[in-house]
file entry.cif (mmCIF, C-alpha atoms and all ligand atoms)
data_start
#
loop_
_atom_site.label_atom_id
_atom_site.label_comp_id
_atom_site.auth_asym_id
_atom_site.auth_seq_id
_atom_site.Cartn_x
_atom_site.Cartn_y
_atom_site.Cartn_z
CA MET F 351 0.00 0.00 0.00
CA THR F 352 1.42 3.37 -1.01
CA LEU F 353 0.67 6.09 1.51
CA ARG F 354 0.30 9.79 0.85
CA ALA F 355 1.63 12.30 3.36
CA TYR F 356 0.64 15.93 3.86
CA ARG F 357 2.28 18.58 5.98
CA ILE F 358 -0.36 21.04 7.22
CA THR F 359 0.57 24.34 8.83
CA GLY F 360 -1.50 27.23 10.12
CA ALA F 361 -3.49 28.17 13.22
CA PHE F 362 -6.09 25.45 12.53
CA ALA F 363 -3.66 22.59 11.81
CA GLN F 364 -4.70 20.70 14.97
CA ASP F 365 -8.39 21.15 14.13
CA ALA F 366 -7.67 19.76 10.69
CA LEU F 367 -6.07 16.69 12.28
CA GLU F 368 -9.12 16.15 14.51
CA LEU F 369 -11.43 16.38 11.50
CA LEU F 370 -9.24 13.92 9.58
CA HIS F 371 -9.45 11.43 12.44
CA ALA F 372 -13.24 11.71 12.17
CA VAL F 373 -13.65 11.46 8.39
CA THR F 374 -10.78 9.28 7.21
CA ASP F 375 -8.37 6.58 8.28
CA VAL F 376 -5.27 8.40 9.55
CA ARG F 377 -2.35 5.96 9.21
CA GLY F 378 0.11 8.15 11.03
CA ALA F 379 0.47 11.68 12.37
CA LEU F 380 3.41 13.78 13.46
CA GLU F 381 2.40 16.76 15.62
CA GLU F 382 4.63 19.81 16.01
CA ASP F 383 3.95 23.25 17.51
CA ASP F 384 2.27 24.80 14.49
CA ALA F 385 2.26 21.92 12.02
CA VAL F 386 0.97 18.40 11.64
CA THR F 387 2.05 15.81 9.09
CA VAL F 388 -0.51 13.12 8.32
CA TRP F 389 -0.19 9.84 6.41
CA LEU F 390 -3.33 8.70 4.55
CA ASP F 391 -4.33 5.92 2.13
CA ASP F 392 -5.84 8.44 -0.29
CA ALA F 393 -5.72 12.10 -1.20
CA LEU F 394 -6.38 14.64 1.54
CA PRO F 395 -10.09 15.59 1.61
CA ASP F 396 -11.15 19.27 1.47
CA MET F 397 -10.23 21.05 4.70
CA PRO F 398 -12.79 23.72 5.64
CA PHE F 399 -10.41 25.89 7.68
CA ASP F 400 -9.01 29.34 6.89
CA GLY F 401 -5.30 29.97 6.48
CA LEU F 402 -4.09 26.37 6.18
CA GLU F 403 -1.00 25.72 4.10
CA ILE F 404 -0.88 22.19 2.78
CA PHE F 405 2.14 20.56 1.18
CA GLU F 406 2.17 16.98 -0.10
CA LEU F 407 5.47 15.23 0.63
CA PRO F 408 7.12 13.41 -2.28
CA ALA F 409 6.04 9.75 -2.43
CA ALA F 410 9.59 8.58 -1.61
CA VAL F 411 9.54 10.58 1.62
CA ALA F 412 6.01 9.53 2.52
CA ASN F 413 6.70 5.82 2.05
CA ALA F 414 10.22 5.16 3.25
CA SER F 415 11.39 5.04 6.79
CA SER F 416 14.89 5.99 5.67
CA THR F 417 15.30 7.83 2.36
CA GLY F 418 18.17 10.11 3.26
CA LEU F 419 15.77 13.03 2.91
CA GLU F 420 15.09 12.99 6.63
CA ASN F 421 18.72 14.09 7.04
CA ASP F 422 18.11 17.24 4.98
CA GLN F 423 19.35 20.42 6.60
CA PRO F 424 18.67 24.06 5.80
CA ILE F 425 21.43 25.44 3.53
CA LEU F 426 22.72 28.84 4.63
CA VAL F 427 23.95 30.38 1.36
CA ALA F 428 24.66 33.76 2.96
CA GLU F 429 24.01 35.13 6.43
CA ASP F 430 20.63 36.40 5.24
CA LEU F 431 19.79 33.83 2.56
CA LEU F 432 18.67 30.28 3.25
CA VAL F 433 17.40 27.37 1.13
CA ARG F 434 15.42 24.49 2.61
CA PRO F 435 12.93 21.86 1.50
CA PRO F 436 9.38 22.27 2.85
CA TRP F 437 9.78 19.32 5.22
CA VAL F 438 12.71 20.94 7.05
CA GLU F 439 11.98 23.53 9.73
CA ARG F 440 13.27 27.10 9.47
CA PRO F 441 16.04 27.67 12.08
CA ALA F 442 14.32 29.60 14.89
CA THR F 443 16.81 32.49 14.82
CA PHE F 444 16.83 33.03 11.04
CA THR F 445 15.12 36.21 9.80
CA GLY F 446 16.48 36.64 6.26
CA ILE F 447 15.26 35.53 2.83
CA GLU F 448 14.08 31.93 2.63
CA LEU F 449 13.78 29.86 -0.54
CA ILE F 450 11.63 26.78 0.01
CA VAL F 451 12.40 24.24 -2.70
CA PRO F 452 11.30 20.60 -2.65
CA ARG F 453 14.11 18.21 -3.53
CA GLY F 454 12.69 16.30 -6.49
CA MET F 455 13.87 15.07 -9.86
CA ALA F 456 15.07 18.39 -11.25
CA PHE F 457 18.54 19.81 -10.57
CA GLY F 458 18.77 22.72 -8.18
CA SER F 459 17.63 22.46 -4.60
CA GLY F 460 20.50 24.53 -3.35
CA GLU F 461 23.11 21.98 -2.43
CA HIS F 462 25.24 22.40 -5.58
CA ASP F 463 28.05 24.96 -5.46
CA SER F 464 27.16 26.35 -8.91
CA THR F 465 23.63 27.12 -7.64
CA GLN F 466 25.04 28.78 -4.53
CA ALA F 467 27.49 30.85 -6.60
CA ALA F 468 24.55 31.97 -8.78
CA LEU F 469 22.44 32.81 -5.71
CA LEU F 470 25.29 34.83 -4.19
CA ALA F 471 25.68 36.74 -7.44
CA LEU F 472 21.91 37.41 -7.69
CA HIS F 473 21.82 38.50 -4.07
CA ALA F 474 24.74 40.92 -4.52
CA ALA F 475 23.49 42.42 -7.81
CA TRP F 476 19.76 42.52 -7.02
CA ASN F 477 18.30 45.83 -8.22
CA ASP F 478 14.53 45.19 -8.14
CA PRO F 479 14.24 44.52 -11.87
CA VAL F 480 10.92 44.76 -13.66
CA SER F 481 11.53 41.45 -15.42
CA PHE F 482 13.67 38.36 -14.84
CA ALA F 483 14.69 35.37 -16.98
CA ASP F 484 16.22 32.09 -15.76
CA VAL F 485 17.91 29.96 -18.44
CA GLY F 486 18.30 26.30 -17.44
CA THR F 487 15.95 26.71 -14.51
CA GLY F 488 16.09 23.12 -13.15
CA SER F 489 13.80 23.10 -10.12
CA GLY F 490 13.24 26.86 -10.57
CA ILE F 491 15.37 27.91 -7.60
CA LEU F 492 16.99 31.00 -9.16
CA ALA F 493 13.67 32.29 -10.50
CA LEU F 494 12.19 31.62 -7.06
CA TYR F 495 14.80 34.01 -5.65
CA ALA F 496 13.49 36.73 -8.01
CA MET F 497 9.87 35.92 -7.13
CA THR F 498 10.64 36.01 -3.39
CA ARG F 499 12.28 39.43 -3.86
CA GLY F 500 9.04 40.71 -5.41
CA CYS F 501 9.69 40.50 -9.16
CA ARG F 502 6.32 39.96 -10.84
CA ARG F 503 7.39 39.26 -14.44
CA ILE F 504 9.35 36.03 -14.58
CA GLU F 505 10.18 33.61 -17.36
CA ALA F 506 12.31 30.49 -17.33
CA CYS F 507 13.27 27.64 -19.64
CA ASP F 508 14.88 24.23 -19.52
CA VAL F 509 15.62 21.57 -22.11
CA GLU F 510 14.47 18.80 -19.73
CA GLU F 511 10.74 18.18 -19.30
CA PRO F 512 10.87 17.10 -15.60
CA ALA F 513 12.58 20.43 -14.85
CA VAL F 514 9.90 22.39 -16.70
CA LEU F 515 7.14 20.57 -14.79
CA ALA F 516 8.88 21.12 -11.43
CA ALA F 517 9.54 24.81 -12.17
CA ARG F 518 5.94 25.40 -13.32
CA GLU F 519 4.74 24.00 -10.00
CA LEU F 520 7.16 26.11 -7.97
CA LEU F 521 6.81 29.38 -9.91
CA GLU F 522 3.13 30.28 -9.98
CA GLY F 523 2.37 32.79 -12.73
CA ALA F 524 5.77 32.52 -14.46
CA ASP F 525 6.23 31.67 -18.16
CA VAL F 526 8.20 28.42 -18.16
CA THR F 527 9.07 26.97 -21.58
CA LEU F 528 10.56 23.67 -22.70
CA GLY F 529 13.70 24.40 -24.73
CA GLY F 530 16.59 26.85 -24.86
CA PRO F 531 16.58 30.62 -24.23
CA GLU F 532 15.20 31.28 -27.73
CA THR F 533 11.88 29.72 -26.58
CA MET F 534 11.34 32.31 -23.83
CA PRO F 535 8.59 34.69 -24.92
CA TRP F 536 10.05 38.12 -24.09
CA ARG F 537 13.33 39.97 -23.35
CA ALA F 538 14.15 40.45 -19.66
CA ASP F 539 16.06 43.11 -17.72
CA PHE F 540 17.79 40.68 -15.32
CA VAL F 541 18.98 37.38 -16.83
CA VAL F 542 20.60 34.43 -15.08
CA ALA F 543 21.93 31.15 -16.50
CA ASN F 544 23.58 28.41 -14.47
CA LEU F 545 24.89 26.00 -17.12
CA THR F 546 28.07 24.03 -17.73
CA ALA F 547 30.73 26.00 -19.64
CA LYS F 548 30.03 23.99 -22.79
CA GLU F 549 26.31 24.75 -22.50
CA GLN F 550 27.08 28.45 -21.79
CA HIS F 551 29.15 28.71 -24.98
CA ALA F 552 26.42 27.07 -27.06
CA ALA F 553 23.57 29.13 -25.57
CA LEU F 554 25.36 32.49 -25.17
CA PRO F 555 24.14 34.21 -28.37
CA ALA F 556 20.51 33.38 -27.46
CA ILE F 557 21.05 34.34 -23.79
CA LEU F 558 22.46 37.75 -24.81
CA ASP F 559 19.57 38.19 -27.25
CA ARG F 560 17.03 37.71 -24.41
CA TRP F 561 18.77 40.36 -22.22
CA THR F 562 17.68 44.03 -22.49
CA GLN F 563 20.91 45.13 -20.68
CA ARG F 564 18.75 47.29 -18.37
CA GLY F 565 19.63 45.00 -15.43
CA PRO F 566 22.42 42.57 -14.53
CA LEU F 567 23.41 39.39 -16.35
CA VAL F 568 24.67 36.50 -14.18
CA LEU F 569 26.32 33.42 -15.69
CA SER F 570 27.25 30.57 -13.34
CA GLY F 571 28.40 26.97 -13.63
CA MET F 572 31.98 27.48 -14.88
CA ARG F 573 34.98 25.79 -13.29
CA GLU F 574 38.09 27.92 -12.75
CA HIS F 575 39.82 27.01 -16.03
CA GLU F 576 36.60 27.72 -17.96
CA VAL F 577 35.90 31.20 -16.60
CA ASP F 578 38.13 33.25 -18.91
CA GLY F 579 36.73 31.63 -22.04
CA VAL F 580 33.17 32.66 -21.11
CA ALA F 581 34.29 36.08 -19.76
CA ALA F 582 35.98 36.85 -23.09
CA ARG F 583 32.61 36.67 -24.84
CA LEU F 584 30.91 39.18 -22.49
CA PRO F 585 30.96 42.98 -22.89
CA ARG F 586 32.78 43.17 -19.53
CA VAL F 587 32.75 41.45 -16.11
CA ASP F 588 31.88 43.52 -13.03
CA ALA F 589 31.90 40.84 -10.30
CA ARG F 590 32.87 37.22 -9.69
CA CYS F 591 31.31 35.02 -7.00
CA VAL F 592 33.14 31.79 -6.22
CA ARG F 593 31.61 28.88 -4.31
CA GLY F 594 33.69 25.68 -4.13
CA ALA F 595 34.90 24.85 -7.64
CA PHE F 596 32.36 27.09 -9.41
CA THR F 597 32.34 30.75 -10.44
CA ALA F 598 29.46 33.06 -11.30
CA LEU F 599 30.20 36.12 -13.44
CA THR F 600 28.11 39.29 -13.21
CA VAL F 601 27.77 42.01 -15.84
CA LEU F 602 26.02 45.10 -14.45
CA PRO F 603 23.93 47.42 -16.64
CA SER F 604 26.18 50.10 -18.14
CA ALA F 605 24.20 53.24 -17.25
C1 LIG J 1 23.32 23.17 -13.61
S1 LIG J 1 21.60 22.99 -13.80
C2 LIG J 1 21.01 24.49 -13.04
C3 LIG J 1 19.66 24.38 -12.39
C4 LIG J 1 19.26 25.60 -11.56
N1 LIG J 1 19.12 26.78 -12.38
C5 LIG J 1 20.26 25.87 -10.47
O1 LIG J 1 20.93 26.90 -10.50
O2 LIG J 1 20.38 25.04 -9.54
C6 LIG J 1 21.46 23.35 -15.53
C7 LIG J 1 20.07 23.14 -16.13
O3 LIG J 1 20.09 23.72 -17.44
C8 LIG J 1 19.42 22.88 -18.34
N2 LIG J 1 20.00 23.22 -19.68
C9 LIG J 1 21.18 22.85 -20.23
N3 LIG J 1 21.37 23.47 -21.40
C10 LIG J 1 20.30 24.28 -21.60
C11 LIG J 1 19.93 25.21 -22.62
N4 LIG J 1 20.67 25.44 -23.71
N5 LIG J 1 18.75 25.86 -22.49
C12 LIG J 1 17.95 25.65 -21.42
N6 LIG J 1 18.27 24.78 -20.42
C13 LIG J 1 19.42 24.13 -20.51
C14 LIG J 1 19.66 21.48 -17.83
O4 LIG J 1 18.62 20.62 -18.25
C15 LIG J 1 19.65 21.71 -16.31
O5 LIG J 1 18.35 21.55 -15.75
#
call {"tool": "encode", "arguments": {"input": "entry.cif", "output": "structure tokens"}}
result
Amino acid sequence: MTLRAYRITGAFAQDALELLHAVTDVRGALEEDDAVTVWLDDALPDMPFDGLEIFELPAAVANASSTGLENDQPILVAEDLLVRPPWVERPATFTGIELIVPRGMAFGSGEHDSTQAALLALHAAWNDPVSFADVGTGSGILALYAMTRGCRRIEACDVEEPAVLAARELLEGADVTLGGPETMPWRADFVVANLTAKEQHAALPAILDRWTQRGPLVLSGMREHEVDGVAARLPRVDARCVRGAFTALTVLPSA
């Protein structure tokens, strides 16, 4: 029997659990201060309570006693920037920007150094752009940064279908296309791409074409010996963020 598990947060989470005990067969429940996680045979029924946030855990997490996911920790990318999956609690003392990304099939839930280098570069160059594009979005984590900072016009693309599906789920209201940067519908002020150096070289003309140059351009995913080759094809480089073996390059708008 495959179980389904739901993490329910909000002021009425305990009331929701009581109702579930009455109307369905609760196979397991984990009660925390302001959250309950319930295991059920079927989908969660409608919950008639205001302000509940409901997140369904991935099937692997719901059905395994030891998946490795239970060892997940929040990832502190900078003092004021943290990435965590929804099933990991926020550290009580943390008050900065939080990116909540489920760890699924698509690349990019924050543990890779190239993602962290890109996030550091975004964080440093952030200038409240009107529009944002994420090339090679994976799970959607870099676009989620832009959304969390209040950017309302977001597009993203990826050549892998599981990534597109994951990003569409994470990035409500964003235009997420299957394919390279040329498939994105409009030109954006702030553009980010975290790709391998080989992929950067192949995609660079289309990436530059999607960039209005009114905001920063961030390219991540290059190893040290690959940085100069990519830098040589940019108008200039204004900043470099290094995390582990990976570098992100930033080009700031000229005016
Ligand atoms: C290194 S992962 C980055 C994922 C995420 N943006 C992050 O920073 O964690 C690169 C992603 O780019 C995608 N990709 C590779 N070449 C691409 C291209 N030319 N256009 C769009 N996506 C591409 C891959 O499928 C993969 O999901």
call {"tool": "closest_residue", "arguments": {"input": "entry.cif", "among": "F:Leu521, F:Val514, F:Leu353, F:Ala467", "to": "Thr597 of chain F", "atoms": "all atoms listed in the file"}}
result
F:Ala467
call {"tool": "atom_distance", "arguments": {"input": "entry.cif", "atom1": "atom CA of Pro441 of chain F", "atom2": "atom CA of Leu426 of chain F"}}
result
10.1 Å
call {"tool": "residues_near_ligand", "arguments": {"input": "entry.cif", "ligand": "ligand LIG 1 (chain J)", "cutoff": "8 Å", "atoms": "all atoms listed in the file", "output": "ChimeraX atom specification"}}
result
/F:456-460,462,464-466,468-469,484-493,507-510,513,528-531,543-546,549-550,552-553,570-571
call {"tool": "residues_around", "arguments": {"input": "entry.cif", "residues": "segment 390-401 of chain F", "least_positions_apart": "4", "cutoff": "7 Å", "atoms": "all atoms listed in the file", "output": "MDAnalysis selection string"}}
result
chainID F and resid 353:355 360 362 366 375:377
call {"tool": "axis_aligned_box", "arguments": {"input": "entry.cif", "around": "segment 570-578 of chain F", "padding_each_side": "3 Å", "output": "AutoDock Vina command-line options"}}
result
--center_x 33.5 --center_y 29.5 --center_z -15.8 --size_x 18.6 --size_y 13.5 --size_z 12.2
call {"tool": "closest_residue", "arguments": {"input": "entry.cif", "among": "F:Leu558, F:Leu599, F:Ile404, F:Ala483", "to": "Glu574 of chain F", "atoms": "all atoms listed in the file"}}
result
F:Leu599
call {"tool": "closest_residue", "arguments": {"input": "entry.cif", "among": "F:Ala547, F:Val451, F:Val568, F:Leu407", "to": "Ala475 of chain F", "atoms": "all atoms listed in the file"}}
result
F:Val568
call {"tool": "residues_around", "arguments": {"input": "entry.cif", "residues": "Gln423 of chain F", "least_positions_apart": "2", "cutoff": "12 Å", "atoms": "only C-alpha atoms", "output": "count of residues only"}}
result
21
